[in-house]
Amino acid sequence: MSPISRGFRGRRSEAPADTARTPPGQYLTTDFPVLSAGPTPHTPLRDWTFSIQQAGTDLRTWTWQELLALPAEDVTVDIHCVTRWSKLDTRWRAVPIDTLLAHVDHHARFALAFCDGGYTTNVPLADLTSGQAWVAYEYDGRPLAPEHGGPARLLVPHLYFWKSAKWIRGLDLLAADEPGFWERYGYHNYGDPWREQRYAGD
Amino acid sequence: MRTIMLSVPGWAGHAAGQHLDVRLTAEDGYTAERSYSIASAPGEALAITVERLDDGEVSPYLTEELRAGDEIEIRGPIGGYFIWTGDDAATPLLLVAGGSGVVPFRSILRHRHNLGSRVPIRLLYSARSLPDVIYQQELDQADDGVAVIYTLTRQQPPGWTGHAGRADRQLLAEVAWPAEQDPMIFVCGPTPFVEAVAAGLVGLGYPAQRIRTERFGGAEGS
C-alpha cells in the first residue's frame with residue numbers, strides 16, 4: 001500500500017485515457033525521447049551488414065542493400081520505455097525476424113542482439129518469432145535517425161524498449177540465455193512492461 | 001531547483017552516478033513516477049536535486065509542494081553503468097554536464113572528496129547563465145586536482161572571463177584531458193547536448209567505449 005503524497009493530484013488531463021494500452025507505471029508521451037549509454041555510432045551503409053550467428057559463428061550475412069531487398073512490413077505498434085514513457089501507434093517499416101531466421105538452420109532457444117558501439121541485449125527466441133519482432137529501418141515514413149538507432153534497430157514492442165536494440169548488427173543464436181548490457185547492470189532479464197519487470201528482482 | 005534530503009531506513013547505499021525512482025500517489029490511488037539522479041555521495045544522507053519543469057508532473061510537486069516530514073515512495077538505487085567507484089586511481093575523469101545534468105557529478109565529486117582520492121577531475125559545466133548554475137558555491141571550493149570550467153550559453157555577467165557559448169568541439173579540445181591519458185568520460189544532460197558533446201569527443205579521437213552518457217529527453221527526469 002503506497003502512502004498518499006499529501007497534496008498531489010497529478011496531471012489528470014494527461015492521465016492515460018486508454019489504460020488497456022498503457023502498462024502500469026507508464027505515462028503517455030508524444031515525444032520520442034532518446035536514451036543510450038554512449039555516443040551515437042555512425043557506420044557507413046557500405047560497411048554495414050546484418051549477421052545471424054550461432055554461438056559467435058556467422059550463419060548468414062546480409063549487406064544493407066540485401067536487407068532492403070527482403071520483404072518488409074509496415075507495422076504500427078505501441079512502445080514502452082523502462083524510464084516510464086509510452087508512445088502509442090508508432091509506425092515502422094521493418095523486416096520480420098521470422099523472414100531472417102527462415103534463411104538459417106538452427107536449434108537455439110535464445111538470442112543475443114549485438115550492435116555498433118558494443119551494446120547487447122538478450123531475448124528468448126520465442127519472443128523474436130511468430131510476428132513479434134522486426135529489424136526496423138524506417139520510422140514514421142523516413143529513414144531511421146541515428147539517435148533513434150538508425151540505420152536499423154531491433155523492434156520488439158511487447159518488451160521494454162531497451163530490448164529493441166539500437167544500431168543492431170546481428171543476432172547471436174544461443175542454446176543458453178546470456179544477459180546483455182542493461183541486463184548485467186541491474187535491469188530485468190526479460191522486461192515485460194505489463195508485469196512491470198523493470199529491474200532485477202521484479 | 002531544489003535539493004531534497006531523504007531519510008530512508010534500510011537504504012542499502014548507492015554508487016556515485018546512480019539514480020532512483022520517485023513515486024507519488026494521489027488520494028484516489030493515481031500514481032506518477034519519475035527517475036532522479038542522486039546528488040549525495042555514497043555514505044552521505046541521501047539527497048536528490050530536482051529541476052522544476054513547467055510542463056512536468058512530478059517535479060512541480062517535489063519542488064513546490066513537498067514539505068519536511070512528508071512521506072514519499074522511492075525505489076533504488078538504479079543503474080550500474082554510469083557510475084564512478086573511485087577504485088581506479090590512475091585514470092583521470094572528464095565530466096561534461098548540461099544544466100541539471102551536473103547532479104550525478106556532484107555525487108562523484110563529493111565521493112572523491114570523502115575518499116581522499118587524488119584522481120584528477122575536470123568538470124565542464126554548461127549552464128544558461130550564472131544564476132542557473134547549481135551548487136556553485138560548492139563547486140567553486142573544489143579540492144585540489146578538481147577543475148571546474150563553466151561555459152554560459154545564454155547570458156554572461158558583466159566582466160565574465162569564463163567561456164561563453166556551447167560546449168562545442170573547440171571548447172572540448174581545450175578542456176578535455178589529452179587522449180593519450182585515456183580519460184574516462186561521463187556526459188550528462190539533455191539529449192541534444194549529450195549527442196553534440198559525445199559526437200564532438202568521438203571526433204576528437206576519444207574512443208566511444210570510454211564515453212558514458214546519461215540523457216534526459218522530452219520526458220521528465222533523467
# chains A, B, ... in the order shown; residues from 1 in each chain; ligands from 1
call {"tool": "residues_around", "arguments": {"residues": "Arg109 (chain A)", "least_positions_apart": "4", "cutoff": "9 Å", "atoms": "only C-alpha atoms", "output": "number ranges by chain"}}
result
A: 124-126, 173-177
call {"tool": "interface_residues", "arguments": {"of": "chain B", "to": "chain A", "cutoff": "8 Å", "atoms": "only C-alpha atoms", "output": "JSON, numbers by chain"}}
result
{"B": [24, 25, 26, 27, 29, 30, 31, 32, 33, 34, 35, 57, 58, 61, 65, 66, 70, 71, 72, 73, 78, 79, 80, 81, 82, 191, 195, 198, 199, 202, 208, 209, 211, 212, 213, 214, 215, 216, 217, 218, 219]}
call {"tool": "closest_atom_pairs", "arguments": {"of": "region 9-71 of chain B", "to": "region 98-113 of chain B", "cutoff": "10 Å", "atoms": "only C-alpha atoms", "output": "Markdown table"}}
result
| residue | atom | partner | partner_atom | distance |
| --- | --- | --- | --- | --- |
| B:Ala15 | CA | B:Ser107 | CA | 8.6 |
| B:Ala16 | CA | B:Ile108 | CA | 5.1 |
| B:Gly17 | CA | B:Pro104 | CA | 4.6 |
| B:Gln18 | CA | B:Pro104 | CA | 7.1 |
| B:His19 | CA | B:Pro104 | CA | 8.0 |
| B:Tyr36 | CA | B:Val103 | CA | 9.0 |
| B:Ser37 | CA | B:Pro104 | CA | 5.7 |
| B:Ile38 | CA | B:Pro104 | CA | 6.0 |
| B:Ala39 | CA | B:Ser107 | CA | 5.0 |
| B:Ser40 | CA | B:Ser107 | CA | 4.8 |
| B:Ala41 | CA | B:Ser107 | CA | 4.5 |
| B:Pro42 | CA | B:His111 | CA | 6.5 |
| B:Gly43 | CA | B:His111 | CA | 8.7 |
| B:Glu44 | CA | B:His111 | CA | 9.1 |
| B:Ala47 | CA | B:Ser107 | CA | 9.5 |
| B:Ile48 | CA | B:Val103 | CA | 8.0 |
| B:Thr49 | CA | B:Val103 | CA | 6.6 |
| B:Val50 | CA | B:Ser100 | CA | 8.0 |
| B:Glu51 | CA | B:Ser100 | CA | 6.8 |
call {"tool": "select_by_dssp", "arguments": {"residues": "region 105-198 of chain B", "states": "strand (DSSP E)", "output": "JSON, numbers by chain"}}
result
{"B": [121, 122, 123, 124, 125, 126, 127, 146, 147, 148, 149, 150, 151, 152, 163, 164, 184, 185, 186, 187, 188, 189, 190]}
call {"tool": "closest_residue", "arguments": {"among": "B:Pro9, B:Gly189, B:Pro178, B:Pro92", "to": "Ala147 (chain B)", "atoms": "only C-alpha atoms"}}
result
B:Pro92
call {"tool": "select_by_dssp", "arguments": {"residues": "chain A", "states": "helix (DSSP H, G or I)", "output": "MDAnalysis selection string"}}
result
chainID A and resid 12:14 45:47 64:69 97:101 125:128 146:148 161:163 181:184 193:195
call {"tool": "write_last_selection", "arguments": {"atoms": "C-alpha atoms", "output": "mmCIF file, in the first residue's frame"}}
result
data_model
loop_
_atom_site.group_PDB
_atom_site.id
_atom_site.type_symbol
_atom_site.label_atom_id
_atom_site.label_comp_id
_atom_site.auth_asym_id
_atom_site.auth_seq_id
_atom_site.Cartn_x
_atom_site.Cartn_y
_atom_site.Cartn_z
ATOM 1 C CA ARG A 12 -5.123 14.447 -14.916
ATOM 2 C CA SER A 13 -5.565 15.908 -18.345
ATOM 3 C CA GLU A 14 -2.753 13.674 -19.475
ATOM 4 C CA LEU A 45 25.988 1.913 -45.083
ATOM 5 C CA ARG A 46 28.564 0.424 -47.459
ATOM 6 C CA ASP A 47 30.236 -1.178 -44.424
ATOM 7 C CA TRP A 64 22.411 -3.114 -46.407
ATOM 8 C CA GLN A 65 21.144 -3.482 -49.967
ATOM 9 C CA GLU A 66 20.346 -7.150 -49.389
ATOM 10 C CA LEU A 67 18.394 -6.296 -46.247
ATOM 11 C CA LEU A 68 16.350 -3.688 -48.105
ATOM 12 C CA ALA A 69 15.588 -6.261 -50.784
ATOM 13 C CA ILE A 97 12.821 -11.662 -37.707
ATOM 14 C CA ASP A 98 10.891 -14.713 -38.973
ATOM 15 C CA THR A 99 11.961 -13.799 -42.519
ATOM 16 C CA LEU A 100 15.631 -13.609 -41.495
ATOM 17 C CA LEU A 101 15.536 -16.825 -39.473
ATOM 18 C CA LEU A 125 13.877 -16.680 -29.441
ATOM 19 C CA ALA A 126 10.203 -17.384 -28.791
ATOM 20 C CA ASP A 127 9.788 -13.604 -28.324
ATOM 21 C CA LEU A 128 11.505 -12.760 -31.591
ATOM 22 C CA PRO A 146 20.937 7.722 -35.925
ATOM 23 C CA GLU A 147 19.947 8.875 -32.411
ATOM 24 C CA HIS A 148 16.942 6.547 -32.578
ATOM 25 C CA PHE A 161 12.169 -0.704 -25.294
ATOM 26 C CA TRP A 162 15.783 -1.310 -24.205
ATOM 27 C CA LYS A 163 15.271 -4.763 -25.750
ATOM 28 C CA PHE A 181 24.247 -4.909 -21.429
ATOM 29 C CA TRP A 182 21.486 -3.467 -19.231
ATOM 30 C CA GLU A 183 20.567 -6.927 -18.011
ATOM 31 C CA ARG A 184 24.027 -7.066 -16.413
ATOM 32 C CA PRO A 193 6.034 -3.976 -19.296
ATOM 33 C CA TRP A 194 2.634 -5.473 -18.413
ATOM 34 C CA ARG A 195 4.178 -7.279 -15.434
#
call {"tool": "closest_residue", "arguments": {"among": "A:Ala200, A:Leu171, A:Ala20, A:Val135", "to": "Leu88 (chain A)", "atoms": "only C-alpha atoms"}}
result
A:Ala20
